[in-house]
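Text of input23.pdb, listed as PDB, C-alpha atoms, pLDDT in the B column:
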```pdb
ATOM      1  CA  MET A   1      83.933 112.290  77.666  1.00 44.00           C
ATOM      2  CA  PRO A   2      86.744 110.965  79.908  1.00 45.00           C
ATOM      3  CA  SER A   3      90.082 112.561  79.122  1.00 45.00           C
ATOM      4  CA  ILE A   4      93.729 112.557  80.126  1.00 46.00           C
ATOM      5  CA  HIS A   5      94.972 115.488  82.208  1.00 46.00           C
ATOM      6  CA  PRO A   6      96.753 118.057  79.929  1.00 43.00           C
ATOM      7  CA  THR A   7      99.892 118.102  82.066  1.00 44.00           C
ATOM      8  CA  SER A   8     100.122 114.330  81.927  1.00 50.00           C
ATOM      9  CA  TYR A   9      99.589 114.340  78.185  1.00 49.00           C
ATOM     10  CA  LYS A  10     102.489 116.763  77.640  1.00 51.00           C
ATOM     11  CA  GLN A  11     104.715 114.553  79.781  1.00 56.00           C
ATOM     12  CA  MET A  12     103.700 111.534  77.691  1.00 53.00           C
ATOM     13  CA  GLN A  13     104.622 113.276  74.448  1.00 53.00           C
ATOM     14  CA  MET A  14     108.023 114.349  75.779  1.00 56.00           C
ATOM     15  CA  GLN A  15     108.810 110.808  76.920  1.00 57.00           C
ATOM     16  CA  MET A  16     107.664 109.281  73.640  1.00 55.00           C
ATOM     17  CA  GLN A  17     109.983 111.598  71.697  1.00 56.00           C
ATOM     18  CA  ASN A  18     112.964 110.538  73.820  1.00 60.00           C
ATOM     19  CA  PRO A  19     113.567 106.778  73.342  1.00 56.00           C
ATOM     20  CA  ALA A  20     116.274 106.694  76.038  1.00 58.00           C
ATOM     21  CA  ALA A  21     113.952 108.199  78.636  1.00 58.00           C
ATOM     22  CA  LEU A  22     111.155 105.879  77.562  1.00 60.00           C
ATOM     23  CA  LEU A  23     113.365 102.794  77.919  1.00 61.00           C
ATOM     24  CA  LYS A  24     114.371 103.930  81.403  1.00 61.00           C
ATOM     25  CA  LEU A  25     110.703 104.348  82.245  1.00 58.00           C
ATOM     26  CA  VAL A  26     109.563 100.910  81.086  1.00 57.00           C
ATOM     27  CA  HIS A  27     112.543  99.105  82.608  1.00 63.00           C
ATOM     28  CA  HIS A  28     112.242 100.715  86.024  1.00 59.00           C
ATOM     29  CA  GLY A  29     108.481 101.207  86.175  1.00 55.00           C
ATOM     30  CA  THR A  30     108.545 104.694  87.689  1.00 44.00           C
ATOM     31  CA  SER A  31     105.428 106.841  87.772  1.00 43.00           C
ATOM     32  CA  THR A  32     104.814 109.522  85.133  1.00 42.00           C
ATOM     33  CA  THR A  33     101.494 110.861  86.269  1.00 41.00           C
ATOM     34  CA  PRO A  34     101.136 113.719  88.747  1.00 37.00           C
ATOM     35  CA  GLY A  35      99.933 112.902  92.242  1.00 40.00           C
ATOM     36  CA  LYS A  36      96.185 112.853  92.641  1.00 42.00           C
ATOM     37  CA  ARG A  37      94.384 114.277  95.603  1.00 38.00           C
ATOM     38  CA  THR A  38      91.058 113.588  97.155  1.00 40.00           C
ATOM     39  CA  LYS A  39      88.612 116.341  98.126  1.00 39.00           C
ATOM     40  CA  SER A  40      90.282 116.462 101.515  1.00 38.00           C
ATOM     41  CA  GLY A  41      93.652 117.207  99.908  1.00 39.00           C
ATOM     42  CA  VAL A  42      95.195 113.862 100.788  1.00 36.00           C
ATOM     43  CA  PRO A  43      97.048 112.115  97.955  1.00 38.00           C
ATOM     44  CA  SER A  44      95.055 109.206  96.651  1.00 40.00           C
ATOM     45  CA  SER A  45      96.252 105.899  95.282  1.00 39.00           C
ATOM     46  CA  GLY A  46      95.032 106.784  91.774  1.00 40.00           C
ATOM     47  CA  SER A  47      92.989 103.635  91.445  1.00 42.00           C
ATOM     48  CA  GLY A  48      90.032 104.186  89.090  1.00 49.00           C
ATOM     49  CA  GLY A  49      86.899 102.448  88.008  1.00 53.00           C
ATOM     50  CA  LEU A  50      88.113  99.756  85.623  1.00 55.00           C
ATOM     51  CA  LEU A  51      91.013  98.563  87.751  1.00 55.00           C
ATOM     52  CA  ARG A  52      88.779  98.488  90.815  1.00 53.00           C
ATOM     53  CA  MET A  53      86.366  96.355  88.813  1.00 49.00           C
ATOM     54  CA  PHE A  54      89.203  94.072  87.759  1.00 49.00           C
ATOM     55  CA  LYS A  55      90.097  93.468  91.420  1.00 47.00           C
ATOM     56  CA  LEU A  56      86.605  92.011  91.913  1.00 45.00           C
ATOM     57  CA  PHE A  57      87.092  89.144  89.447  1.00 42.00           C
ATOM     58  CA  PRO A  58      85.975  86.475  91.957  1.00 39.00           C
ATOM     59  CA  LEU A  59      82.652  88.344  92.163  1.00 36.00           C
ATOM     60  CA  LEU A  60      82.254  88.806  88.407  1.00 38.00           C
ATOM     61  CA  THR A  61      81.415  85.236  87.478  1.00 37.00           C
ATOM     62  CA  THR A  62      78.146  86.430  85.932  1.00 36.00           C
ATOM     63  CA  GLY A  63      79.849  88.963  83.675  1.00 38.00           C
ATOM     64  CA  CYS A  64      79.049  86.774  80.686  1.00 38.00           C
ATOM     65  CA  LYS A  65      75.340  87.560  81.167  1.00 38.00           C
ATOM     66  CA  MET A  66      75.890  91.206  80.217  1.00 36.00           C
ATOM     67  CA  VAL A  67      77.751  90.175  77.078  1.00 40.00           C
ATOM     68  CA  ALA A  68      75.038  87.697  76.157  1.00 38.00           C
ATOM     69  CA  LEU A  69      72.443  90.462  76.344  1.00 37.00           C
ATOM     70  CA  LEU A  70      74.238  92.595  73.755  1.00 37.00           C
ATOM     71  CA  GLY A  71      72.339  91.648  70.618  1.00 35.00           C
ATOM     72  CA  ALA A  72      73.948  92.265  67.226  1.00 36.00           C
ATOM     73  CA  ARG A  73      71.347  94.852  66.201  1.00 36.00           C
ATOM     74  CA  HIS A  74      72.084  96.986  69.300  1.00 37.00           C
ATOM     75  CA  ARG A  75      75.874  96.705  69.431  1.00 39.00           C
ATOM     76  CA  ARG A  76      76.822  99.870  67.542  1.00 41.00           C
ATOM     77  CA  SER A  77      74.969 102.096  70.000  1.00 37.00           C
ATOM     78  CA  PHE A  78      77.275 101.054  72.849  1.00 43.00           C
ATOM     79  CA  ILE A  79      80.538 102.237  71.292  1.00 45.00           C
ATOM     80  CA  ALA A  80      81.893 105.022  69.126  1.00 45.00           C
ATOM     81  CA  ASP A  81      83.489 104.287  65.786  1.00 45.00           C
ATOM     82  CA  HIS A  82      87.211 104.807  65.271  1.00 52.00           C
ATOM     83  CA  ALA A  83      88.029 104.236  68.937  1.00 61.00           C
ATOM     84  CA  THR A  84      91.235 102.496  69.948  1.00 89.00           C
ATOM     85  CA  ILE A  85      90.299  99.456  71.992  1.00 95.00           C
ATOM     86  CA  GLY A  86      92.674  97.307  74.016  1.00 96.00           C
ATOM     87  CA  THR A  87      91.665  93.895  75.340  1.00 96.00           C
ATOM     88  CA  ILE A  88      93.609  91.595  77.646  1.00 96.00           C
ATOM     89  CA  PHE A  89      92.069  88.165  78.137  1.00 96.00           C
ATOM     90  CA  GLY A  90      92.827  84.544  78.885  1.00 94.00           C
ATOM     91  CA  TYR A  91      92.035  81.511  80.993  1.00 93.00           C
ATOM     92  CA  ARG A  92      92.892  81.804  84.675  1.00 89.00           C
ATOM     93  CA  ARG A  93      95.425  78.968  84.502  1.00 89.00           C
ATOM     94  CA  GLY A  94      96.874  80.021  81.173  1.00 93.00           C
ATOM     95  CA  ARG A  95      98.632  83.008  79.658  1.00 95.00           C
ATOM     96  CA  VAL A  96      96.954  86.283  78.768  1.00 97.00           C
ATOM     97  CA  THR A  97      96.576  87.651  75.241  1.00 97.00           C
ATOM     98  CA  LEU A  98      96.755  91.308  74.225  1.00 98.00           C
ATOM     99  CA  ALA A  99      94.613  92.486  71.305  1.00 98.00           C
ATOM    100  CA  ILE A 100      94.509  96.049  69.956  1.00 97.00           C
ATOM    101  CA  GLN A 101      91.799  97.214  67.562  1.00 93.00           C
ATOM    102  CA  GLU A 102      91.695 100.489  65.666  1.00 84.00           C
ATOM    103  CA  ASP A 103      87.989  99.926  65.107  1.00 76.00           C
ATOM    104  CA  PRO A 104      86.042  97.956  67.718  1.00 73.00           C
ATOM    105  CA  HIS A 105      84.107  96.224  64.945  1.00 80.00           C
ATOM    106  CA  SER A 106      87.193  95.035  63.043  1.00 83.00           C
ATOM    107  CA  MET A 107      89.870  92.401  63.476  1.00 91.00           C
ATOM    108  CA  PRO A 108      92.791  93.220  65.820  1.00 95.00           C
ATOM    109  CA  VAL A 109      95.650  95.160  64.245  1.00 94.00           C
ATOM    110  CA  PHE A 110      97.994  93.750  66.893  1.00 97.00           C
ATOM    111  CA  LEU A 111      97.670  90.369  68.585  1.00 98.00           C
ATOM    112  CA  ILE A 112     100.138  88.663  70.889  1.00 98.00           C
ATOM    113  CA  GLU A 113     100.117  86.095  73.680  1.00 97.00           C
ATOM    114  CA  LEU A 114     102.095  87.616  76.526  1.00 97.00           C
ATOM    115  CA  PRO A 115     104.537  85.488  78.574  1.00 97.00           C
ATOM    116  CA  ILE A 116     102.493  86.297  81.678  1.00 95.00           C
ATOM    117  CA  ASN A 117     100.341  83.832  83.583  1.00 93.00           C
ATOM    118  CA  ALA A 118      96.784  85.105  84.062  1.00 92.00           C
ATOM    119  CA  THR A 119      96.927  84.663  87.835  1.00 89.00           C
ATOM    120  CA  ALA A 120     100.141  86.699  88.041  1.00 89.00           C
ATOM    121  CA  PHE A 121      98.675  89.327  85.743  1.00 90.00           C
ATOM    122  CA  HIS A 122      95.589  89.693  87.933  1.00 87.00           C
ATOM    123  CA  LYS A 123      97.871  90.363  90.901  1.00 87.00           C
ATOM    124  CA  GLU A 124      99.701  93.057  88.931  1.00 87.00           C
ATOM    125  CA  MET A 125      96.354  94.633  88.068  1.00 84.00           C
ATOM    126  CA  ALA A 126      95.668  95.005  91.787  1.00 81.00           C
ATOM    127  CA  SER A 127      98.355  97.707  91.930  1.00 79.00           C
ATOM    128  CA  ASP A 128      97.478 101.327  91.227  1.00 79.00           C
ATOM    129  CA  ILE A 129      99.647 101.620  88.105  1.00 87.00           C
ATOM    130  CA  LEU A 130     100.321  98.944  85.524  1.00 92.00           C
ATOM    131  CA  ARG A 131     102.777  99.293  82.653  1.00 95.00           C
ATOM    132  CA  ILE A 132     103.277  96.737  79.918  1.00 96.00           C
ATOM    133  CA  ALA A 133     106.245  97.362  77.643  1.00 97.00           C
ATOM    134  CA  LEU A 134     107.078  95.495  74.454  1.00 98.00           C
ATOM    135  CA  GLU A 135     110.611  96.023  73.196  1.00 97.00           C
ATOM    136  CA  SER A 136     111.872  94.988  69.770  1.00 95.00           C
ATOM    137  CA  GLU A 137     115.585  94.697  69.053  1.00 90.00           C
ATOM    138  CA  THR A 138     115.293  94.497  65.275  1.00 86.00           C
ATOM    139  CA  LYS A 139     117.709  96.673  63.312  1.00 77.00           C
ATOM    140  CA  THR A 140     115.532  97.360  60.280  1.00 75.00           C
ATOM    141  CA  GLN A 141     113.355 100.441  60.035  1.00 71.00           C
ATOM    142  CA  LYS A 142     111.380  99.337  56.989  1.00 83.00           C
ATOM    143  CA  LYS A 143     108.450  98.255  59.171  1.00 88.00           C
ATOM    144  CA  LYS A 144     106.310 100.304  61.472  1.00 91.00           C
ATOM    145  CA  VAL A 145     107.172  99.593  65.082  1.00 93.00           C
ATOM    146  CA  MET A 146     103.973  97.618  65.724  1.00 94.00           C
ATOM    147  CA  GLU A 147     104.598  95.453  62.662  1.00 94.00           C
ATOM    148  CA  GLU A 148     107.616  93.811  64.283  1.00 95.00           C
ATOM    149  CA  TYR A 149     107.225  90.172  65.272  1.00 95.00           C
ATOM    150  CA  VAL A 150     109.611  89.325  68.132  1.00 96.00           C
ATOM    151  CA  TRP A 151     109.155  91.219  71.394  1.00 97.00           C
ATOM    152  CA  ALA A 152     110.732  91.261  74.832  1.00 97.00           C
ATOM    153  CA  VAL A 153     107.909  91.813  77.310  1.00 97.00           C
ATOM    154  CA  TYR A 154     108.165  93.814  80.541  1.00 97.00           C
ATOM    155  CA  CYS A 155     105.500  94.174  83.206  1.00 95.00           C
ATOM    156  CA  ASN A 156     105.969  96.973  85.741  1.00 93.00           C
ATOM    157  CA  GLY A 157     109.692  97.036  85.000  1.00 93.00           C
ATOM    158  CA  ARG A 158     110.253  93.278  85.242  1.00 94.00           C
ATOM    159  CA  LYS A 159     111.246  91.307  82.168  1.00 96.00           C
ATOM    160  CA  MET A 160     108.766  88.458  81.726  1.00 96.00           C
ATOM    161  CA  GLY A 161     110.157  86.792  78.597  1.00 96.00           C
ATOM    162  CA  TYR A 162     109.676  86.906  74.829  1.00 97.00           C
ATOM    163  CA  SER A 163     106.619  86.675  72.591  1.00 97.00           C
ATOM    164  CA  ILE A 164     105.881  86.620  68.874  1.00 97.00           C
ATOM    165  CA  ARG A 165     103.137  88.712  67.296  1.00 97.00           C
ATOM    166  CA  ARG A 166     100.616  86.653  65.362  1.00 94.00           C
ATOM    167  CA  LYS A 167      98.530  87.485  62.314  1.00 92.00           C
ATOM    168  CA  GLN A 168      95.960  84.720  62.742  1.00 93.00           C
ATOM    169  CA  MET A 169      93.644  84.315  65.722  1.00 95.00           C
ATOM    170  CA  SER A 170      92.985  81.014  67.425  1.00 93.00           C
ATOM    171  CA  ASP A 171      89.434  79.691  67.799  1.00 91.00           C
ATOM    172  CA  ASP A 172      89.306  80.887  71.409  1.00 91.00           C
ATOM    173  CA  GLU A 173      90.471  84.380  70.395  1.00 94.00           C
ATOM    174  CA  VAL A 174      87.854  84.595  67.655  1.00 93.00           C
ATOM    175  CA  HIS A 175      85.276  83.535  70.246  1.00 93.00           C
ATOM    176  CA  VAL A 176      86.307  86.367  72.591  1.00 94.00           C
ATOM    177  CA  MET A 177      86.328  89.017  69.862  1.00 94.00           C
ATOM    178  CA  GLN A 178      82.850  87.959  68.746  1.00 92.00           C
ATOM    179  CA  LEU A 179      81.446  88.143  72.265  1.00 92.00           C
ATOM    180  CA  LEU A 180      82.940  91.583  72.915  1.00 92.00           C
ATOM    181  CA  LYS A 181      81.902  93.301  69.685  1.00 89.00           C
ATOM    182  CA  GLY A 182      79.422  95.434  71.610  1.00 84.00           C
ATOM    183  CA  VAL A 183      81.624  96.151  74.636  1.00 87.00           C
ATOM    184  CA  SER A 184      83.841  99.248  74.749  1.00 85.00           C
ATOM    185  CA  MET A 185      85.091  98.873  78.329  1.00 88.00           C
ATOM    186  CA  GLY A 186      84.665  96.511  81.220  1.00 89.00           C
ATOM    187  CA  ALA A 187      85.980  93.411  82.943  1.00 90.00           C
ATOM    188  CA  GLY A 188      84.482  90.057  83.770  1.00 91.00           C
ATOM    189  CA  VAL A 189      84.146  86.402  82.901  1.00 92.00           C
ATOM    190  CA  LEU A 190      83.076  85.116  79.492  1.00 92.00           C
ATOM    191  CA  PRO A 191      81.357  81.832  78.619  1.00 90.00           C
ATOM    192  CA  CYS A 192      83.720  79.265  77.136  1.00 85.00           C
ATOM    193  CA  PRO A 193      83.278  78.135  73.511  1.00 83.00           C
ATOM    194  CA  LYS A 194      80.356  75.726  73.170  1.00 73.00           C
ATOM    195  CA  ASP A 195      82.410  73.078  71.423  1.00 64.00           C
ATOM    196  CA  GLN A 196      85.130  73.140  74.065  1.00 56.00           C
ATOM    197  CA  ASN A 197      85.457  70.005  76.168  1.00 51.00           C
ATOM    198  CA  GLN A 198      84.105  70.644  79.673  1.00 53.00           C
ATOM    199  CA  LYS A 199      87.094  68.908  81.265  1.00 50.00           C
ATOM    200  CA  GLU A 200      89.486  71.228  79.404  1.00 52.00           C
ATOM    201  CA  SER A 201      87.457  74.247  80.483  1.00 53.00           C
ATOM    202  CA  SER A 202      87.566  73.116  84.108  1.00 54.00           C
ATOM    203  CA  ALA A 203      91.323  72.558  83.932  1.00 63.00           C
ATOM    204  CA  ASP A 204      92.037  75.989  82.414  1.00 73.00           C
ATOM    205  CA  GLY A 205      89.686  77.891  84.704  1.00 78.00           C
ATOM    206  CA  ASP A 206      87.400  80.796  83.811  1.00 87.00           C
ATOM    207  CA  LEU A 207      87.892  82.837  80.656  1.00 92.00           C
ATOM    208  CA  THR A 208      88.445  86.379  81.963  1.00 93.00           C
ATOM    209  CA  TYR A 209      88.754  89.653  80.073  1.00 94.00           C
ATOM    210  CA  PHE A 210      89.646  93.313  80.606  1.00 93.00           C
ATOM    211  CA  ARG A 211      88.767  95.864  77.927  1.00 93.00           C
ATOM    212  CA  ALA A 212      89.260  99.650  77.826  1.00 92.00           C
ATOM    213  CA  ARG A 213      89.590 102.650  75.533  1.00 91.00           C
ATOM    214  CA  PHE A 214      93.084 103.983  74.915  1.00 93.00           C
ATOM    215  CA  ASP A 215      94.668 107.198  73.703  1.00 91.00           C
ATOM    216  CA  ARG A 216      97.298 106.347  71.099  1.00 92.00           C
ATOM    217  CA  VAL A 217     100.465 108.456  71.145  1.00 92.00           C
ATOM    218  CA  VAL A 218     103.028 108.124  68.337  1.00 92.00           C
ATOM    219  CA  GLY A 219     106.349 109.474  69.574  1.00 90.00           C
ATOM    220  CA  SER A 220     108.555 108.516  66.636  1.00 90.00           C
ATOM    221  CA  LYS A 221     109.028 105.783  64.047  1.00 90.00           C
ATOM    222  CA  ASP A 222     110.445 103.647  66.864  1.00 92.00           C
ATOM    223  CA  SER A 223     107.972 104.272  69.666  1.00 94.00           C
ATOM    224  CA  GLU A 224     104.239 104.229  70.270  1.00 95.00           C
ATOM    225  CA  ALA A 225     102.194 104.111  73.438  1.00 95.00           C
ATOM    226  CA  PHE A 226      98.618 103.499  74.497  1.00 95.00           C
ATOM    227  CA  TYR A 227      97.278 105.218  77.612  1.00 92.00           C
ATOM    228  CA  MET A 228      94.042 104.006  79.144  1.00 91.00           C
ATOM    229  CA  ILE A 229      91.238 106.576  79.343  1.00 86.00           C
ATOM    230  CA  ASN A 230      89.620 106.267  82.741  1.00 80.00           C
ATOM    231  CA  PRO A 231      85.812 106.078  82.661  1.00 71.00           C
ATOM    232  CA  ASP A 232      85.530 108.002  85.937  1.00 65.00           C
ATOM    233  CA  SER A 233      87.340 111.093  84.501  1.00 60.00           C
ATOM    234  CA  SER A 234      90.242 110.842  86.940  1.00 58.00           C
ATOM    235  CA  GLU A 235      93.403 112.764  86.117  1.00 57.00           C
ATOM    236  CA  GLY A 236      95.741 110.202  84.581  1.00 48.00           C
ATOM    237  CA  PRO A 237      95.925 106.752  83.022  1.00 51.00           C
ATOM    238  CA  GLU A 238      96.371 103.684  85.195  1.00 83.00           C
ATOM    239  CA  LEU A 239      97.283 101.229  82.455  1.00 91.00           C
ATOM    240  CA  SER A 240      99.902 102.053  79.828  1.00 94.00           C
ATOM    241  CA  ILE A 241     101.175  99.884  76.971  1.00 96.00           C
ATOM    242  CA  PHE A 242     104.479 100.833  75.307  1.00 97.00           C
ATOM    243  CA  PHE A 243     105.983  99.665  72.018  1.00 97.00           C
ATOM    244  CA  VAL A 244     109.674 100.516  71.637  1.00 96.00           C
ATOM    245  CA  ARG A 245     112.196  99.567  68.985  1.00 93.00           C
ATOM    246  CA  VAL A 246     115.830  99.766  70.071  1.00 89.00           C
ATOM    247  CA  HIS A 247     118.925  99.708  67.864  1.00 74.00           C
TER     248      HIS A 247
END
```

Would you mind giving the structure from this file in structure tokens?
Amino acid sequence: MPSIHPTSYKQMQMQMQNPAALLKLVHHGTSTTPGKRTKSGVPSSGSGGLLRMFKLFPLLTTGCKMVALLGARHRRSFIADHATIGTIFGYRRGRVTLAIQEDPHSMPVFLIELPINATAFHKEMASDILRIALESETKTQKKKVMEEYVWAVYCNGRKMGYSIRRKQMSDDEVHVMQLLKGVSMGAGVLPCPKDQNQKESSADGDLTYFRARFDRVVGSKDSEAFYMINPDSSEGPELSIFFVRVH
């Protein structure tokens, strides 16, 4: 079972319990994971399996074939129940959507279209570490942090704009969730909805996706984070998603 390095996990918990330190982290995009070394003792870039796969998007145009082979009667054997699943998907010439599921077989508990163009996001994924931070400036504490609606979005320390969390999925989002019911982690290209106009599909480009398992860390009532669990058992997470409420 892939896991996060204990030292890294302790660092995560300390940061999550200190909102000021967490805000500094997500705004400046500094590294929190210890340096990794290869067998020769030379520090490595930290790039793991899923992100390396994501860099090969031009070669993954047949990724939809794997998804198509996942029949409904076999889906539950591919994934464990009660896993936290994060999915980032979208058309190449459009914006990407973030969906978080507590149960891979259920509807997303958090869904938002990020103010990030898919092409720009793919370039960010080519780096060794990727941090997405969502910051809410609401002053009420009656809601859980992930129940807030308006978010400022940061990507590797750069403010990208604002987004609004949605409760209802679009037809395209339902299509993606249905196709990926049997997928716990991976990256590739999905077939477009059958009823979608071919000209629209050509204009928007391929429908790409990135899905992984995440460790969920609740720091306080105003902060939560999701750290990607690397499938190759490397020391630390490469992709982190932060939710912070500031007052």

> Which residue out of A:Arg93, A:His247, A:Arg131, A:Lys194 has the minimum interatomic distance to A:Asp222 when all atoms listed in the file are used?
Replying inline: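 Distance minimum relative to A:Asp222 lands on A:His247.
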
>> From (83.6, 94.8, 80.4), in the file's coordinates, out to 8 Å: which residues are reached, counting all atoms listed in the file? Answer as number ranges by chain.
In response: A: 63, 183-188, 209-212

> Written as a ChimeraX atom specification, which residues does the PyMOL selection byres ((chain A and resi 241) around 6) give for the file shown?
Replying inline: /A:131-133,225-226,240,242

> Using only C-alpha atoms, which of A:Met177, A:Met228, A:Cys192, A:Leu111 sits nearest A:Ile164?
Replying inline: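 When distances to A:Ile164 are compared using only C-alpha atoms, the smallest one comes from A:Leu111.
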
> Quick one, how far is atom CA of A:Glu224 from atom CA of A:Lys139?
Replying inline: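 A separation of 16.9 Å between them.
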
>> I'd like the interatomic distance between atom CA of A:Arg95 and atom CA of A:Val218, to a tenth of an Å.
In response: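 These atoms are spaced 27.9 Å apart.
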
> From the list A:Val150, A:Val145, A:Leu190, A:Val176, which residue is nearest A:Arg245 when using all atoms listed in the file?
Replying inline: A:Val145

Point (109.5, 88.3, 84.4), cut-off 12 Å, counting all atoms listed in the file, residues as a tab-separated table (two decimals) with C-alpha atoms, in the frame of the given file:
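This is the output file point_13.tsv:
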```
chain	number	residue	atom	x	y	z
A	27	HIS	CA	112.54	99.10	82.61
A	114	LEU	CA	102.10	87.62	76.53
A	115	PRO	CA	104.54	85.49	78.57
A	116	ILE	CA	102.49	86.30	81.68
A	117	ASN	CA	100.34	83.83	83.58
A	120	ALA	CA	100.14	86.70	88.04
A	121	PHE	CA	98.68	89.33	85.74
A	124	GLU	CA	99.70	93.06	88.93
A	132	ILE	CA	103.28	96.74	79.92
A	133	ALA	CA	106.24	97.36	77.64
A	152	ALA	CA	110.73	91.26	74.83
A	153	VAL	CA	107.91	91.81	77.31
A	154	TYR	CA	108.16	93.81	80.54
A	155	CYS	CA	105.50	94.17	83.21
A	156	ASN	CA	105.97	96.97	85.74
A	157	GLY	CA	109.69	97.04	85.00
A	158	ARG	CA	110.25	93.28	85.24
A	159	LYS	CA	111.25	91.31	82.17
A	160	MET	CA	108.77	88.46	81.73
A	161	GLY	CA	110.16	86.79	78.60
A	162	TYR	CA	109.68	86.91	74.83
```

>> With the PyMOL selection byres ((chain A and resi 108) around 10) as the selection, what would be picked from this file? Answer as a PyMOL selection string, please.
In response: chain A and resi 85-87+98-107+109-111+167-169+177

> In Å, with one decimal, what is the gap from atom CA of A:Pro191 to atom CA of A:Thr208?
Replying inline: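 For atom CA of A:Pro191 relative to atom CA of A:Thr208, the distance reads 9.1 Å.
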
>> Ranking A:Ser220, A:Thr119, A:Thr84, A:Ser127 by minimum distance to A:Gly205 and counting all atoms listed in the file, which one comes first?
In response: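 When distances to A:Gly205 are compared using all atoms listed in the file, the smallest one comes from A:Thr119.
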
>> Counting only C-alpha atoms, which residue out of A:Val96, A:Asp128, A:Glu113, A:Met146 sits closest to A:Glu238?
In response: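 Closest to A:Glu238, using only C-alpha atoms: A:Asp128.
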
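Restricting the calculation to all atoms listed in the file, the smallest distance between A:His122 and any of A:Phe243, A:Tyr227, A:Phe214, A:Phe89 is found for A:Phe89.
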